[in-house]
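What follows is a set of notes on a single structure, which appears directly below.
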Amino acid sequence: MDELISAWIVGGGSLPATRVPGHELDRVAGAADFAVLPVGAVEWHGPHLPLGTDLILADGFASEVDGFRAVLYPAVAYTAVPGQTRHWPGTIGVRPEVALAYMCDVLEGIVASGFPRVLVVNGHDANMSTVRSAMEWVSGRQRCSLLLANWFQLITPKETTEIFGELPSRGHGGAYETAAALAFDSEAVHLGAVSDLPPKPKLATAHPYVLVESNPDPWQGWSGHPSLVTPAAAARVRELAAVRLRELLHTWNGNAKGRP
């Protein structure tokens, strides 16, 4: 293990936190650019995608840290879920107040272990408010720099239109998410298990809004056009999102002269 850590210090990449011996923790923490915490969910995404889709994406993009010395923590798997997916088969939802308290403890524990800089890679949109609240709480108790990157936002809507065409591609279980999952774990995706289910049109207004519905129509716990997914589109989604993530990390790391 000492040789593995020495090679990581020289070459960078991801070092699993669970493999770090206790007597090496200080050396690893001192050499690391940051720790990484993937956050996902166990949630129904339609017949064509696995229940662990959000974990596949969080873990996958959390490993795309070439050029940095990152310590990769195990993913947070059980989190809060939207009401519109809660009752679909296989979804496991944690109460928001429990998910928030748990996230606070996990993040503070990573910082207290010697990693004042933590990248949270999110694979589940409902986590955004929970993780943000936990980051605010921890940053008020510990001197740290906490960065949240939601993989879904790394590629713009204009770019997904360029990849998939004019049909909507960014819905839950739609072409964009399906392509990303296919890029990381092709055996877990079953494109032939569904036909397209066009998502509900957005409200015809230019005003920002948040609309929460228990049972959107059309809706089968997912919606979208998985028929738009090809291996080439999947590879492009993974490549472009990874580039954007590394660009974000270079900017964050470049501002680290006054590290916490």
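Residues are named by chain letter and number: chains run A, B, ... in the order of the structure tokens, numbers start at 1 in each chain, and ligands are numbered from 1 in the order shown.
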
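Residues in contact with Leu147 of chain A at up to 12 Å, not including ones fewer than 6 positions away on its chain and judged by only C-alpha atoms, are Phe34, Ala35, Val36, Leu37, Pro38, Leu107, Pro116, Arg117, Val118, Leu119, Val120, Val121, Asn122, Met128, Val131, Arg132, Ala134, Met135, Glu136, Ser139, Leu245, Leu248, Leu249, Thr251, Trp252 and Asn253 of chain A.
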
Given the selection you just returned, output its residues as a file containing C-alpha atoms, formatted as an mmCIF file, in the first residue's frame.
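Writing the result to out-v6.cif gives the following:
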```
data_model
loop_
_atom_site.group_PDB
_atom_site.id
_atom_site.type_symbol
_atom_site.label_atom_id
_atom_site.label_comp_id
_atom_site.auth_asym_id
_atom_site.auth_seq_id
_atom_site.Cartn_x
_atom_site.Cartn_y
_atom_site.Cartn_z
ATOM 1 C CA PHE A 34 -9.131 17.451 -2.392
ATOM 2 C CA ALA A 35 -11.425 14.638 -1.295
ATOM 3 C CA VAL A 36 -14.346 13.532 -3.468
ATOM 4 C CA LEU A 37 -17.776 12.459 -2.224
ATOM 5 C CA PRO A 38 -20.203 11.020 -4.800
ATOM 6 C CA LEU A 107 -19.160 16.018 5.145
ATOM 7 C CA PRO A 116 -10.558 20.787 4.152
ATOM 8 C CA ARG A 117 -11.323 20.768 0.408
ATOM 9 C CA VAL A 118 -14.148 18.465 -0.648
ATOM 10 C CA LEU A 119 -15.722 18.011 -4.083
ATOM 11 C CA VAL A 120 -19.269 16.636 -3.966
ATOM 12 C CA VAL A 121 -20.282 15.021 -7.265
ATOM 13 C CA ASN A 122 -24.050 14.733 -7.445
ATOM 14 C CA MET A 128 -29.029 19.645 -4.627
ATOM 15 C CA VAL A 131 -26.181 18.938 -0.103
ATOM 16 C CA ARG A 132 -26.131 22.739 -0.340
ATOM 17 C CA ALA A 134 -25.176 20.568 4.568
ATOM 18 C CA MET A 135 -22.273 22.439 2.971
ATOM 19 C CA GLU A 136 -23.463 25.705 4.491
ATOM 20 C CA SER A 139 -18.612 25.549 6.513
ATOM 21 C CA LEU A 245 -15.757 18.929 -14.611
ATOM 22 C CA LEU A 248 -14.221 23.505 -12.976
ATOM 23 C CA LEU A 249 -11.638 21.726 -10.830
ATOM 24 C CA THR A 251 -10.484 26.897 -11.643
ATOM 25 C CA TRP A 252 -11.236 25.840 -8.061
ATOM 26 C CA ASN A 253 -7.739 24.494 -7.519
#
```

Fill in: Nearby residues (only C-alpha atoms) at most 12 Å from segment 228-236 of chain A, same-chain spacing under 4 positions excluded, as a ChimeraX atom specification
/A:48,155,159-170,173-186,189-192,195-198,224,240-243

Keeping N, CA and C atoms, export the residues of the selection given above as a short mmCIF file (atom, residue, chain, number, x, y, z; two decimals), in the first residue's frame.
```cif
data_model
loop_
_atom_site.label_atom_id
_atom_site.label_comp_id
_atom_site.auth_asym_id
_atom_site.auth_seq_id
_atom_site.Cartn_x
_atom_site.Cartn_y
_atom_site.Cartn_z
N HIS A 48 -35.80 0.65 -18.49
CA HIS A 48 -34.56 0.54 -19.26
C HIS A 48 -33.30 0.88 -18.48
N ILE A 155 -23.25 19.86 -18.89
CA ILE A 155 -23.50 20.07 -20.31
C ILE A 155 -24.76 20.92 -20.45
N GLU A 159 -26.14 22.23 -25.86
CA GLU A 159 -25.23 21.16 -26.26
C GLU A 159 -25.92 19.82 -26.34
N THR A 160 -26.88 19.56 -25.45
CA THR A 160 -27.61 18.30 -25.56
C THR A 160 -28.49 18.30 -26.81
N THR A 161 -28.99 19.46 -27.20
CA THR A 161 -29.73 19.54 -28.46
C THR A 161 -28.82 19.23 -29.64
N GLU A 162 -27.58 19.71 -29.58
CA GLU A 162 -26.62 19.40 -30.65
C GLU A 162 -26.31 17.91 -30.71
N ILE A 163 -26.32 17.24 -29.57
CA ILE A 163 -26.01 15.82 -29.52
C ILE A 163 -27.20 14.97 -29.94
N PHE A 164 -28.40 15.30 -29.44
CA PHE A 164 -29.56 14.43 -29.61
C PHE A 164 -30.60 14.94 -30.60
N GLY A 165 -30.52 16.21 -30.99
CA GLY A 165 -31.53 16.76 -31.86
C GLY A 165 -32.56 17.58 -31.10
N GLU A 166 -33.61 17.97 -31.78
CA GLU A 166 -34.58 18.91 -31.22
C GLU A 166 -35.54 18.30 -30.21
N LEU A 167 -35.75 16.98 -30.24
CA LEU A 167 -36.67 16.36 -29.27
C LEU A 167 -36.11 16.52 -27.85
N PRO A 168 -36.98 16.66 -26.85
CA PRO A 168 -36.50 16.81 -25.48
C PRO A 168 -35.64 15.62 -25.06
N SER A 169 -34.49 15.90 -24.44
CA SER A 169 -33.58 14.82 -24.07
C SER A 169 -33.18 14.84 -22.60
N ARG A 170 -33.56 15.87 -21.84
CA ARG A 170 -33.00 16.06 -20.51
C ARG A 170 -33.92 15.63 -19.38
N GLY A 173 -34.69 9.88 -16.75
CA GLY A 173 -34.69 8.64 -17.52
C GLY A 173 -34.69 8.86 -19.02
N GLY A 174 -34.51 10.11 -19.46
CA GLY A 174 -34.53 10.44 -20.88
C GLY A 174 -33.20 10.16 -21.55
N ALA A 175 -33.05 10.66 -22.76
CA ALA A 175 -31.89 10.33 -23.59
C ALA A 175 -30.58 10.76 -22.95
N TYR A 176 -30.54 11.95 -22.38
CA TYR A 176 -29.30 12.48 -21.79
C TYR A 176 -28.82 11.60 -20.65
N GLU A 177 -29.70 11.33 -19.70
CA GLU A 177 -29.33 10.51 -18.55
C GLU A 177 -29.03 9.07 -18.97
N THR A 178 -29.83 8.55 -19.90
CA THR A 178 -29.61 7.19 -20.38
C THR A 178 -28.27 7.06 -21.07
N ALA A 179 -27.91 8.05 -21.87
CA ALA A 179 -26.63 8.02 -22.58
C ALA A 179 -25.46 8.03 -21.60
N ALA A 180 -25.55 8.85 -20.57
CA ALA A 180 -24.46 8.91 -19.59
C ALA A 180 -24.31 7.58 -18.86
N ALA A 181 -25.42 6.97 -18.47
CA ALA A 181 -25.36 5.67 -17.81
C ALA A 181 -24.77 4.62 -18.75
N LEU A 182 -25.16 4.66 -20.02
CA LEU A 182 -24.64 3.72 -21.01
C LEU A 182 -23.13 3.86 -21.15
N ALA A 183 -22.63 5.08 -21.08
CA ALA A 183 -21.20 5.32 -21.25
C ALA A 183 -20.38 4.70 -20.12
N PHE A 184 -20.94 4.65 -18.91
CA PHE A 184 -20.21 4.11 -17.77
C PHE A 184 -20.48 2.63 -17.54
N ASP A 185 -21.66 2.14 -17.90
CA ASP A 185 -22.00 0.74 -17.62
C ASP A 185 -23.02 0.27 -18.66
N SER A 186 -22.52 -0.12 -19.81
CA SER A 186 -23.40 -0.48 -20.92
C SER A 186 -24.27 -1.70 -20.61
N VAL A 189 -27.83 -0.99 -18.96
CA VAL A 189 -28.84 -0.25 -19.70
C VAL A 189 -29.51 -1.16 -20.72
N HIS A 190 -30.84 -1.10 -20.78
CA HIS A 190 -31.61 -1.98 -21.66
C HIS A 190 -32.53 -1.13 -22.54
N LEU A 191 -31.97 -0.63 -23.62
CA LEU A 191 -32.71 0.30 -24.48
C LEU A 191 -33.94 -0.34 -25.09
N GLY A 192 -33.90 -1.65 -25.32
CA GLY A 192 -35.04 -2.31 -25.94
C GLY A 192 -36.21 -2.56 -25.01
N SER A 195 -40.42 1.96 -25.06
CA SER A 195 -40.64 2.86 -26.19
C SER A 195 -40.56 4.29 -25.66
N ASP A 196 -40.41 5.24 -26.54
CA ASP A 196 -40.33 6.63 -26.11
C ASP A 196 -41.61 7.06 -25.39
N LEU A 197 -41.43 7.88 -24.36
CA LEU A 197 -42.55 8.44 -23.62
C LEU A 197 -42.32 9.95 -23.55
N PRO A 198 -42.81 10.70 -24.53
CA PRO A 198 -42.52 12.14 -24.58
C PRO A 198 -42.85 12.82 -23.26
N GLY A 224 -39.21 10.48 -21.67
CA GLY A 224 -38.16 10.93 -22.57
C GLY A 224 -38.08 10.10 -23.84
N LEU A 240 -17.62 15.07 -22.82
CA LEU A 240 -17.83 16.50 -22.65
C LEU A 240 -18.06 16.87 -21.18
N ALA A 241 -18.86 16.08 -20.48
CA ALA A 241 -19.11 16.36 -19.07
C ALA A 241 -17.83 16.23 -18.25
N ALA A 242 -17.00 15.25 -18.58
CA ALA A 242 -15.73 15.08 -17.86
C ALA A 242 -14.80 16.26 -18.10
N VAL A 243 -14.77 16.76 -19.32
CA VAL A 243 -13.94 17.93 -19.63
C VAL A 243 -14.42 19.13 -18.82
#
```

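Using only C-alpha atoms for every distance, the candidate list A:His250, A:His172, A:Arg86, A:Lys202 yields A:His172 as the residue closest to His225 of chain A.
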
Using DSSP on the backbone coordinates, identify the residues of segment 158-201 of chain A assigned to helix (DSSP H, G or I); present them as a ChimeraX atom specification.
/A:158-164,175-184,186-188,191-193

Between atom CA of Val65 of chain A and atom CA of Arg246 of chain A lies a distance of 6.5 Å

For Val42 of chain A, please output as number ranges by chain all residues within 7 Å (counting only C-alpha atoms; exclusion window: fewer than 2 positions along the same chain).
A: 51-52, 77-78, 91-92

Dump as a JSON list (two decimals), in the first residue's frame, selection limited to C-alpha atoms:
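Result saved to part.json:
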```
[["chain", "number", "residue", "atom", "x", "y", "z"],
["A", 51, "LEU", "CA", -32.18, 1.48, -9.82],
["A", 52, "GLY", "CA", -28.62, 2.63, -9.18],
["A", 77, "ALA", "CA", -26.53, 5.88, -1.70],
["A", 78, "TYR", "CA", -29.77, 6.51, 0.21],
["A", 91, "THR", "CA", -37.24, 3.54, -5.03],
["A", 92, "ILE", "CA", -35.91, 4.00, -1.50]]
```

Requested in this report: Report the residues of segment 35-70 of chain A whose backbone DSSP state falls under strand (DSSP E), written as a PyMOL selection string.
Outcome: chain A and resi 35-39+69-70

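Atom to atom, atom CA of Ile110 of chain A and atom CA of Val39 of chain A stand 13.9 Å apart.
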
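Shortest separation to Gly90 of chain A among A:Lys158, A:Arg244, A:His45, A:His207 occurs at residue A:His45, atoms counted being only C-alpha atoms.
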
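Residues with any atom within 6 Å of segment 93-102 of chain A, counting only C-alpha atoms and excluding same-chain neighbours fewer than 4 positions away, are Thr79, Ala80, Val81 and Thr130 of chain A.
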
Would you write out those residues with C-alpha atoms, as a short mmCIF file (atom, residue, chain, number, x, y, z; two decimals), in the first residue's frame?
```cif
data_model
loop_
_atom_site.label_atom_id
_atom_site.label_comp_id
_atom_site.auth_asym_id
_atom_site.auth_seq_id
_atom_site.Cartn_x
_atom_site.Cartn_y
_atom_site.Cartn_z
CA THR A 79 -31.10 10.04 -0.04
CA ALA A 80 -34.33 12.02 -0.33
CA VAL A 81 -36.39 11.44 -3.50
CA THR A 130 -29.86 18.86 0.78
#
```

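Atom CA of Leu211 of chain A is found 26.6 Å from atom CA of Val76 of chain A.
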
Problem set entry | Residue neighbourhood Val20 of chain A, 12 Å, only C-alpha atoms, exclusion window fewer than 4 positions, as a list of chain:residue names | A:Met1, A:Asp2, A:Glu3, A:Leu4, A:Ile5, A:Ser6, A:Trp8, A:Ser14, A:Leu15, A:Pro16, A:Glu24, A:Leu25, A:Asp26, A:Arg27, A:Val28, A:Ala29, A:Val71, A:Leu72, A:Tyr73, A:Ser113

Selection from above, C-alpha atoms, as a short mmCIF file (atom, residue, chain, number, x, y, z; two decimals), in the first residue's frame, can you write it?
```cif
data_model
loop_
_atom_site.label_atom_id
_atom_site.label_comp_id
_atom_site.auth_asym_id
_atom_site.auth_seq_id
_atom_site.Cartn_x
_atom_site.Cartn_y
_atom_site.Cartn_z
CA MET A 1 0.00 0.00 0.00
CA ASP A 2 2.90 2.37 0.70
CA GLU A 3 4.01 1.97 -2.93
CA LEU A 4 0.48 2.66 -4.18
CA ILE A 5 0.29 5.87 -2.17
CA SER A 6 3.73 6.98 -3.33
CA TRP A 8 -0.52 8.33 -6.38
CA SER A 14 -8.21 8.74 -7.49
CA LEU A 15 -7.14 6.97 -4.31
CA PRO A 16 -9.96 5.09 -2.52
CA GLU A 24 -0.78 6.86 6.24
CA LEU A 25 -3.78 9.16 6.64
CA ASP A 26 -1.79 12.28 7.52
CA ARG A 27 0.55 11.79 4.55
CA VAL A 28 -2.35 11.23 2.17
CA ALA A 29 -4.34 14.20 3.48
CA VAL A 71 -9.13 10.83 -2.31
CA LEU A 72 -12.37 9.13 -3.31
CA TYR A 73 -14.89 8.36 -0.59
CA SER A 113 -10.19 13.62 8.74
#
```

Gly60 of chain A proximity check over A:Ala75, A:Gly254, A:Val111, A:Gln142, using only C-alpha atoms: winner is A:Ala75
